[in-house]
file run_38.txt (compact mmCIF, C-alpha atoms)
# COMPACT_ATOMS: atom_id res chain seq x y z
CA MET P 17 11.08 -8.18 7.12
CA ALA P 18 11.66 -5.15 5.03
CA THR P 19 13.72 -6.66 2.25
CA GLY P 20 14.17 -10.01 0.60
CA THR P 21 17.54 -11.72 0.65
CA VAL P 22 18.89 -13.63 -2.26
CA SER P 23 21.09 -16.74 -2.18
CA GLN P 24 22.32 -19.32 -4.73
CA PRO P 25 20.16 -20.83 -7.57
CA MET P 26 17.75 -23.52 -6.46
CA THR P 27 15.69 -26.28 -8.02
CA VAL P 28 11.97 -26.75 -7.43
CA ASP P 29 12.70 -29.94 -5.46
CA GLU P 30 15.11 -28.12 -3.19
CA PHE P 31 12.61 -25.31 -2.81
CA LEU P 32 9.80 -27.68 -1.80
CA ALA P 33 12.11 -29.50 0.63
CA LEU P 34 12.60 -26.34 2.70
CA PRO P 35 11.15 -26.48 6.24
CA ASP P 36 7.63 -25.26 6.90
CA ASP P 37 8.80 -22.75 9.49
CA GLY P 38 6.59 -19.75 8.83
CA VAL P 39 9.19 -17.94 6.73
CA GLU P 40 7.66 -16.71 3.48
CA ARG P 41 9.74 -17.92 0.54
CA TRP P 42 9.48 -17.36 -3.19
CA LEU P 43 11.53 -18.96 -5.91
CA VAL P 44 12.22 -16.19 -8.40
CA ARG P 45 14.11 -17.12 -11.56
CA GLY P 46 15.81 -19.96 -9.73
CA GLU P 47 16.75 -17.73 -6.81
CA LEU P 48 15.42 -18.19 -3.32
CA LYS P 49 13.85 -15.05 -1.90
CA GLU P 50 13.06 -15.00 1.81
CA TRP P 51 10.78 -12.38 3.33
CA GLY P 52 11.10 -13.34 6.98
CA THR P 53 8.32 -14.67 9.15
CA THR P 54 4.99 -13.47 7.91
CA THR P 55 2.83 -11.78 10.47
CA ARG P 56 -0.73 -12.63 9.62
CA ASN P 57 -2.83 -10.45 11.84
CA ARG P 58 -6.46 -10.89 12.77
CA ASN P 59 -7.70 -8.78 9.87
CA HIS P 60 -5.82 -10.91 7.38
CA SER P 61 -7.15 -14.16 8.82
CA HIS P 62 -10.65 -12.69 8.99
CA CYS P 63 -10.64 -11.56 5.38
CA GLN P 64 -9.15 -14.65 3.73
CA PRO P 65 -12.08 -17.05 4.38
CA ARG P 66 -14.51 -14.35 3.23
CA VAL P 67 -12.70 -14.08 -0.07
CA GLY P 68 -12.82 -17.86 -0.32
CA ARG P 69 -16.54 -17.89 0.47
CA ALA P 70 -17.32 -15.23 -2.11
CA LEU P 71 -15.41 -17.14 -4.79
CA LEU P 72 -16.79 -20.57 -3.84
CA ASN P 73 -20.39 -19.35 -3.67
CA TRP P 74 -20.00 -18.00 -7.16
CA LEU P 75 -18.25 -21.18 -8.33
CA ASP P 76 -21.22 -23.27 -7.15
CA THR P 77 -23.46 -21.39 -9.56
CA GLN P 78 -21.26 -22.20 -12.55
CA PRO P 79 -21.98 -24.94 -15.08
CA GLU P 80 -19.72 -28.03 -15.08
CA PRO P 81 -16.89 -28.46 -15.77
CA ARG P 82 -15.89 -25.81 -13.25
CA GLY P 83 -12.71 -24.00 -12.41
CA ASP P 84 -11.41 -24.13 -8.85
CA VAL P 85 -10.56 -21.91 -5.89
CA TYR P 86 -7.42 -22.14 -3.75
CA ALA P 87 -6.56 -20.25 -0.58
CA GLY P 88 -3.83 -20.00 2.04
CA ASP P 89 -0.49 -19.31 0.42
CA ALA P 90 -1.12 -21.76 -2.44
CA LEU P 91 2.07 -22.32 -4.44
CA PHE P 92 1.83 -21.38 -8.11
CA ARG P 93 4.56 -21.68 -10.72
CA LEU P 94 4.17 -18.39 -12.53
CA GLN P 95 6.96 -19.06 -14.98
CA ARG P 96 8.61 -22.26 -16.16
CA ASP P 97 11.99 -21.08 -17.36
CA PRO P 98 13.51 -19.52 -15.38
CA LYS P 99 11.30 -20.76 -12.61
CA VAL P 100 9.15 -18.39 -10.61
CA ILE P 101 7.15 -19.87 -7.72
CA VAL P 102 5.18 -17.77 -5.25
CA GLY P 103 2.50 -18.32 -2.64
CA VAL P 104 -0.90 -16.77 -3.32
CA ASP P 105 -3.41 -15.88 -0.56
CA ALA P 106 -6.39 -16.86 -2.70
CA ALA P 107 -6.69 -17.77 -6.35
CA TYR P 108 -9.12 -18.89 -9.01
CA ILE P 109 -8.17 -21.15 -11.90
CA SER P 110 -10.40 -21.50 -14.97
CA PRO P 111 -12.13 -24.78 -16.01
CA GLU P 112 -9.55 -25.18 -18.79
CA GLN P 113 -6.67 -24.72 -16.31
CA ASN P 114 -8.33 -27.04 -13.82
CA SER P 115 -8.51 -29.80 -16.45
CA ARG P 116 -4.75 -29.60 -16.87
CA LEU P 117 -4.00 -30.35 -13.19
CA VAL P 118 -2.88 -33.87 -12.34
CA VAL P 119 -2.80 -35.55 -8.94
CA LYS P 120 0.98 -35.61 -8.76
CA ASP P 121 1.29 -31.83 -9.14
CA ARG P 122 2.75 -30.64 -5.84
CA ILE P 123 2.40 -27.05 -6.88
CA ILE P 124 0.01 -25.57 -9.40
CA PRO P 125 2.18 -25.50 -12.52
CA PHE P 126 0.73 -22.35 -14.16
CA ALA P 127 -0.28 -18.81 -13.31
CA PRO P 128 -3.81 -18.39 -11.87
CA THR P 129 -6.61 -16.55 -13.66
CA LEU P 130 -7.25 -14.50 -10.52
CA ALA P 131 -4.63 -13.93 -7.82
CA VAL P 132 -5.67 -12.31 -4.54
CA GLU P 133 -3.20 -10.69 -2.17
CA ILE P 134 -4.42 -9.77 1.29
CA LEU P 135 -2.03 -7.18 2.71
CA SER P 136 -0.23 -7.97 5.96
CA PRO P 137 1.07 -5.29 8.34
CA SER P 138 4.65 -6.39 7.72
CA ASP P 139 4.37 -6.21 3.92
CA THR P 140 6.66 -3.60 2.40
CA MET P 141 5.92 -1.56 -0.70
CA GLU P 142 8.92 -3.27 -2.28
CA ARG P 143 7.46 -6.76 -1.71
CA ILE P 144 4.04 -5.78 -3.05
CA ALA P 145 5.55 -4.10 -6.11
CA GLU P 146 7.74 -7.10 -6.86
CA LYS P 147 4.86 -9.54 -6.58
CA LEU P 148 2.69 -7.42 -8.87
CA GLU P 149 5.54 -7.37 -11.36
CA LEU P 150 5.82 -11.18 -11.23
CA TYR P 151 2.06 -11.51 -11.80
CA SER P 152 2.24 -9.04 -14.65
CA GLU P 153 5.17 -10.85 -16.32
CA ALA P 154 3.24 -14.12 -16.00
CA GLY P 155 0.23 -12.51 -17.67
CA VAL P 156 -2.17 -13.05 -14.72
CA PRO P 157 -5.32 -11.42 -16.12
CA LEU P 158 -6.77 -10.28 -12.80
CA VAL P 159 -5.14 -9.39 -9.47
CA TRP P 160 -6.90 -8.13 -6.35
CA ILE P 161 -4.92 -6.42 -3.61
CA ILE P 162 -7.07 -6.35 -0.49
CA ASP P 163 -6.31 -3.78 2.21
CA CYS P 164 -8.10 -4.76 5.42
CA ASP P 165 -7.32 -1.44 7.17
CA ASP P 166 -8.36 0.79 4.31
CA LEU P 167 -11.28 -1.58 3.49
CA THR P 168 -10.47 -1.40 -0.19
CA VAL P 169 -9.72 -3.71 -3.09
CA LEU P 170 -7.28 -2.56 -5.72
CA VAL P 171 -7.83 -4.34 -9.03
CA TYR P 172 -5.03 -4.82 -11.56
CA ARG P 173 -5.47 -5.95 -15.15
CA PRO P 174 -2.57 -6.09 -17.64
CA GLY P 175 -2.19 -2.93 -19.66
CA GLU P 176 -4.85 -1.06 -17.73
CA GLU P 177 -4.77 1.51 -14.95
CA PRO P 178 -5.48 0.00 -11.53
CA GLU P 179 -9.01 0.46 -10.20
CA LEU P 180 -9.96 0.98 -6.55
CA PHE P 181 -13.14 -0.48 -5.06
CA THR P 182 -14.42 0.77 -1.70
CA VAL P 183 -16.97 -0.58 0.77
CA LYS P 184 -19.66 1.32 -1.09
CA GLN P 185 -19.10 -0.69 -4.26
CA GLU P 186 -19.54 -4.15 -5.69
CA LEU P 187 -16.63 -6.16 -6.98
CA THR P 188 -16.98 -7.82 -10.37
CA ALA P 189 -14.46 -9.86 -12.32
CA GLU P 190 -15.67 -9.90 -15.93
CA PRO P 191 -14.96 -11.65 -18.20
CA HIS P 192 -12.82 -14.06 -16.18
CA LEU P 193 -15.38 -14.92 -13.49
CA PRO P 194 -18.59 -14.47 -15.47
CA GLY P 195 -21.44 -13.16 -13.36
CA PHE P 196 -19.35 -12.78 -10.19
CA ARG P 197 -20.64 -9.90 -8.05
CA TYR P 198 -19.81 -9.32 -4.41
CA PRO P 199 -20.14 -6.28 -2.15
CA VAL P 200 -16.66 -5.16 -1.06
CA ALA P 201 -18.04 -4.65 2.47
CA GLY P 202 -18.79 -8.39 2.64
CA LEU P 203 -15.06 -9.15 2.53
CA PHE P 204 -14.52 -7.31 5.81
CA ARG P 205 -17.73 -7.91 7.78
CA MET O 10 12.40 -1.78 9.39
CA ALA O 11 9.28 -3.83 9.33
CA SER O 12 7.61 -2.66 12.50
CA GLY O 13 7.73 0.17 14.98
CA THR O 14 8.95 -0.43 18.49
CA SER O 15 7.48 1.27 21.51
CA SER O 16 9.23 2.34 24.70
CA ALA O 17 8.33 4.45 27.76
CA LEU O 18 6.12 7.58 27.57
CA MET O 19 7.89 10.67 26.37
CA THR O 20 7.32 14.42 26.33
CA GLU O 21 7.60 16.54 23.21
CA GLU O 22 10.78 18.13 24.63
CA GLU O 23 12.42 14.76 25.20
CA PHE O 24 11.35 13.72 21.72
CA LEU O 25 12.93 16.77 20.13
CA ALA O 26 16.17 16.24 22.08
CA LEU O 27 16.75 12.89 20.34
CA PRO O 28 19.76 12.75 18.01
CA GLU O 29 19.34 13.44 14.30
CA ASP O 30 20.79 10.14 13.14
CA GLY O 31 18.62 9.25 10.18
CA VAL O 32 16.27 7.02 12.17
CA GLU O 33 12.66 7.94 11.48
CA ARG O 34 10.88 8.63 14.76
CA TRP O 35 7.30 9.51 15.57
CA LEU O 36 5.81 10.48 18.91
CA VAL O 37 2.43 8.76 19.04
CA ARG O 38 0.24 9.58 22.04
CA GLY O 39 3.33 10.09 24.18
CA GLU O 40 5.02 6.95 22.92
CA LEU O 41 8.21 6.90 20.92
CA LYS O 42 7.93 4.91 17.72
CA GLU O 43 11.09 4.17 15.75
CA TRP O 44 11.00 2.96 12.16
CA GLY O 45 14.66 2.40 11.52
CA MET O 46 16.69 4.15 8.85
CA THR O 47 14.61 5.77 6.19
CA THR O 48 15.57 4.81 2.69
CA ARG O 49 14.79 7.67 0.39
CA ASN O 50 15.79 6.71 -3.09
CA TRP O 51 16.13 9.16 -5.91
CA PHE O 52 12.67 8.65 -7.34
CA HIS O 53 11.09 9.40 -3.97
CA SER O 54 13.01 12.66 -3.94
CA GLU O 55 12.03 13.42 -7.53
CA TRP O 56 8.31 12.88 -6.87
CA SER O 57 8.60 15.08 -3.80
CA ALA O 58 10.21 17.82 -5.91
CA LEU O 59 7.62 17.53 -8.71
CA LEU O 60 4.74 17.82 -6.27
CA SER O 61 6.34 20.68 -4.37
CA ARG O 62 6.85 22.57 -7.62
CA ALA O 63 3.21 22.07 -8.65
CA LEU O 64 1.98 23.23 -5.25
CA GLY O 65 4.40 26.18 -5.35
CA ILE O 66 3.17 27.30 -8.78
CA TRP O 67 -0.42 27.11 -7.57
CA LEU O 68 0.49 29.03 -4.42
CA MET O 69 1.98 31.89 -6.43
CA SER O 70 -1.36 32.28 -8.21
CA GLN O 71 -3.14 32.86 -4.92
CA PRO O 72 -3.94 36.29 -3.46
CA LYS O 73 -1.86 37.44 -0.50
CA PRO O 74 -1.65 36.63 2.36
CA ARG O 75 -0.81 33.15 1.17
CA GLY O 76 -0.54 29.79 2.84
CA LYS O 77 2.68 27.81 2.85
CA VAL O 78 3.94 24.68 1.13
CA LEU O 79 6.44 22.69 3.20
CA ALA O 80 8.50 19.68 2.15
CA GLY O 81 10.94 17.17 3.63
CA ASP O 82 9.68 15.35 6.73
CA VAL O 83 8.04 18.39 8.32
CA ALA O 84 7.26 17.75 12.00
CA PHE O 85 3.63 18.37 13.00
CA ARG O 86 2.09 18.06 16.41
CA LEU O 87 -1.21 16.35 15.74
CA ARG O 88 -2.66 16.29 19.25
CA SER O 89 -2.22 18.41 22.33
CA ASP O 90 -3.67 16.07 24.98
CA ALA O 91 -1.44 13.13 24.16
CA PRO O 92 1.45 14.53 22.18
CA SER O 93 1.77 13.00 18.73
CA VAL O 94 4.47 14.32 16.44
CA ILE O 95 5.03 12.90 12.97
CA GLY O 96 6.82 14.00 9.84
CA ALA O 97 5.02 14.71 6.57
CA ASP O 98 6.78 14.44 3.21
CA VAL O 99 4.94 17.47 1.86
CA ALA O 100 2.31 19.64 3.54
CA TYR O 101 0.18 22.72 2.92
CA LEU O 102 -0.86 25.24 5.55
CA THR O 103 -3.67 27.75 4.99
CA PRO O 104 -2.97 31.50 5.17
CA ALA O 105 -4.39 31.57 8.73
CA GLN O 106 -2.18 28.64 9.78
CA ALA O 107 0.86 30.17 8.09
CA ALA O 108 0.30 33.40 10.03
CA ARG O 109 0.56 31.48 13.30
CA LEU O 110 3.99 29.99 12.47
CA SER O 111 7.08 31.27 14.17
CA THR O 112 10.71 30.31 13.67
CA LYS O 113 10.89 29.59 17.41
CA GLN O 114 8.64 26.56 16.94
CA LYS O 115 10.55 23.37 16.37
CA VAL O 116 7.34 21.51 15.68
CA ILE O 117 4.34 23.00 13.90
CA GLN O 118 1.57 23.17 16.47
CA ASP O 119 -1.23 23.01 13.88
CA ARG O 120 -2.40 20.03 11.95
CA PRO O 121 -1.66 20.45 8.25
CA THR O 122 -4.53 21.21 5.87
CA LEU O 123 -2.98 18.86 3.30
CA ALA O 124 -0.50 16.16 4.27
CA VAL O 125 1.24 14.10 1.58
CA GLU O 126 2.91 10.73 2.04
CA ILE O 127 5.18 9.58 -0.76
CA LEU O 128 5.66 5.83 -0.41
CA SER O 129 9.17 4.40 -0.07
CA PRO O 130 10.25 0.83 -0.89
CA SER O 131 10.85 0.07 2.80
CA ASP O 132 7.47 1.40 3.96
CA THR O 133 5.33 -1.27 5.55
CA ILE O 134 1.55 -1.47 5.35
CA GLU O 135 1.56 -1.07 9.13
CA ARG O 136 3.47 2.20 8.99
CA ILE O 137 1.32 3.63 6.20
CA ASN O 138 -1.95 2.69 7.87
CA GLU O 139 -0.87 3.96 11.28
CA LYS O 140 0.10 7.30 9.82
CA LEU O 141 -3.21 7.58 7.98
CA GLU O 142 -5.03 6.74 11.20
CA LEU O 143 -3.15 9.50 13.05
CA TYR O 144 -3.95 12.04 10.35
CA MET O 145 -7.62 11.07 10.21
CA GLU O 146 -7.92 11.06 14.01
CA ALA O 147 -6.36 14.53 14.10
CA GLY O 148 -8.90 15.71 11.53
CA VAL O 149 -6.39 16.53 8.79
CA PRO O 150 -8.88 17.47 6.05
CA LEU O 151 -6.93 16.11 3.11
CA VAL O 152 -4.26 13.39 2.87
CA TRP O 153 -2.64 12.20 -0.35
CA VAL O 154 -0.78 8.90 -0.46
CA ILE O 155 1.40 8.98 -3.54
CA ASN O 156 2.27 5.52 -4.82
CA GLY O 157 4.93 5.64 -7.49
CA TYR O 158 4.88 1.87 -7.96
CA ASN O 159 1.48 1.92 -9.62
CA ARG O 160 1.46 5.65 -10.36
CA THR O 161 -1.63 6.39 -8.37
CA VAL O 162 -2.76 8.74 -5.63
CA GLU O 163 -5.10 7.68 -2.85
CA VAL O 164 -7.01 10.59 -1.34
CA HIS O 165 -8.21 10.32 2.24
CA ARG O 166 -10.65 12.65 3.98
CA PRO O 167 -11.97 12.07 7.52
CA GLY O 168 -15.19 10.05 7.53
CA LYS O 169 -15.11 9.40 3.78
CA VAL O 170 -14.15 6.34 1.78
CA PRO O 171 -10.79 6.81 0.07
CA GLU O 172 -10.73 8.10 -3.50
CA PHE O 173 -8.32 6.89 -6.10
CA PHE O 174 -6.67 8.73 -8.98
CA THR O 175 -4.69 7.21 -11.85
CA THR O 176 -2.44 8.74 -14.51
CA GLU O 177 -5.48 9.18 -16.74
CA GLN O 178 -6.95 11.65 -14.25
CA GLU O 179 -6.37 15.06 -12.74
CA LEU O 180 -5.87 15.62 -9.05
CA THR O 181 -7.73 18.50 -7.39
CA ALA O 182 -7.89 19.56 -3.76
CA GLU O 183 -11.17 21.46 -3.40
CA PRO O 184 -12.11 23.30 -1.31
CA HIS O 185 -8.82 23.45 0.60
CA LEU O 186 -6.51 24.44 -2.27
CA PRO O 187 -8.96 26.36 -4.45
CA GLY O 188 -8.25 25.96 -8.14
CA PHE O 189 -5.34 23.55 -7.74
CA ARG O 190 -5.18 20.99 -10.57
CA ILE O 191 -2.40 18.68 -11.70
CA PRO O 192 -2.47 15.70 -14.05
CA VAL O 193 -1.52 12.69 -11.91
CA LEU O 194 1.14 11.79 -14.49
CA GLY O 195 2.81 15.11 -13.66
CA LEU O 196 3.49 13.83 -10.14
CA PHE O 197 5.74 11.11 -11.54
CA GLU O 198 7.20 12.62 -14.71
CA ASP O 199 8.42 16.03 -15.70
CA LEU O 200 5.69 16.75 -18.30

call {"tool": "encode", "arguments": {"input": "run_38.txt", "output": "structure tokens"}}
result
Amino acid sequence: MATGTVSQPMTVDEFLALPDDGVERWLVRGELKEWGTTTRNRNHSHCQPRVGRALLNWLDTQPEPRGDVYAGDALFRLQRDPKVIVGVDAAYISPEQNSRLVVKDRIIPFAPTLAVEILSPSDTMERIAEKLELYSEAGVPLVWIIDCDDLTVLVYRPGEEPELFTVKQELTAEPHLPGFRYPVAGLFR
Amino acid sequence: MASGTSSALMTEEEFLALPEDGVERWLVRGELKEWGMTTRNWFHSEWSALLSRALGIWLMSQPKPRGKVLAGDVAFRLRSDAPSVIGADVAYLTPAQAARLSTKQKVIQDRPTLAVEILSPSDTIERINEKLELYMEAGVPLVWVINGYNRTVEVHRPGKVPEFFTTEQELTAEPHLPGFRIPVLGLFEDL
């Protein structure tokens, strides 16, 4: 869908009670935003586990206590009041953030340290721009936008110009993922 | 519209006979592709004007005969075997290409030397990537994708990895537009 539609204010409980019908939904400042059925093409599904693998392989090398990696439209509450909840394709949370999670959390109640968006064919510029704005408002320190057709990763950090990484380069994530290095090409192979 | 829809094969003549109703249409390898109503908001139009002015100023500095700068969904035929016709937001033609133009042509029969896409809010990743693929396949030497949301320009050249320019940098177009330089910020603000 090209544009989101907005309806009446909604609580987190109401939001989580919505059917799991393939429609992508965000809760933005208490308002439900629907983006229509997401079309996850082959490239998207191919790339997502590779991002997960890259992050998990790195995580395994880290001293305990470790952070954690989430993938597959994981729900994060980016903002508490007014509430902003979005799904994230892949994310990393720091050891300190991980220690704050409790079993009864149905969604992750804070913004991730790294948020990864893998672009889908049906994504509009408007949707991408709005999500980046929500991440930026929430102070997410590192955002990767992965384009599986262009074979690029666009890296956003607050207050800095975006940086583009191509298949000829290695992706790093200092200082948030210390020592993380991964060839961009490995995300698409 | 989120995605293009395909129908039966079509000739260039049939394509050009379609009504001018605001629906964005491409002819891709003989197939009609419709993208729904284009939403061009004011900032899209401003960025288009700023870039056209910069290209125009550069053009005036060039010796005659000069190339041409074209703006506003200019129709180009990208292939002759399987007709593909798409619109470019802004384009540059070399002096040799400009000399081949005639007002009788409804569609420019050359590929542009520089094609510029200025992203709109309703543009989908699918539309952007398909257009880039058509340009690259046609051998368009230089394509700029202007993204006003993050104030960047992605530069595509056939067979090369894309290059990326931010507002801290200058955009050049060597060797195709010799001597052209503009600060990327100048594409988004009247400096």

call {"tool": "closest_residue", "arguments": {"input": "run_38.txt", "among": "O:Leu110, O:Ala26, O:Leu79, O:Leu180", "to": "Arg62 (chain O)", "atoms": "all atoms listed in the file"}}
result
O:Leu79

call {"tool": "residues_near_point", "arguments": {"input": "run_38.txt", "point": "(-1.6, 1.5, 7.8)", "cutoff": "10 Å", "atoms": "all atoms listed in the file", "output": "VMD selection string"}}
result
(chain P and resid 136 to 137 163 to 166) or (chain O and resid 132 to 143)

call {"tool": "closest_residue", "arguments": {"input": "run_38.txt", "among": "P:Glu153, P:Glu176, P:Asp139, P:Asp36", "to": "chain O", "atoms": "only C-alpha atoms"}}
result
P:Asp139

call {"tool": "atom_distance", "arguments": {"input": "run_38.txt", "atom1": "CA of Asp97 (chain P)", "atom2": "CA of Arg41 (chain P)"}}
result
18.3 Å

call {"tool": "closest_residue", "arguments": {"input": "run_38.txt", "among": "P:Leu32, P:Met141, P:Ala154, P:Leu187", "to": "chain O", "atoms": "all atoms listed in the file"}}
result
P:Met141

call {"tool": "residues_around", "arguments": {"input": "run_38.txt", "residues": "Cys63 (chain P)", "least_positions_apart": "5", "cutoff": "8 Å", "atoms": "only C-alpha atoms", "output": "CSV table (one decimal) with C-alpha atoms, keeping the file's coordinate frame"}}
result
chain,number,residue,atom,x,y,z
P,134,ILE,CA,-4.4,-9.8,1.3
P,164,CYS,CA,-8.1,-4.8,5.4
P,203,LEU,CA,-15.1,-9.2,2.5
P,204,PHE,CA,-14.5,-7.3,5.8

call {"tool": "closest_residue", "arguments": {"input": "run_38.txt", "among": "P:Val169, P:Ile161, P:Leu180, P:Ile109", "to": "Val200 (chain P)", "atoms": "only C-alpha atoms"}}
result
P:Val169

call {"tool": "atom_distance", "arguments": {"input": "run_38.txt", "atom1": "CA of Gln178 (chain O)", "atom2": "CA of Ile191 (chain O)"}}
result
8.8 Å
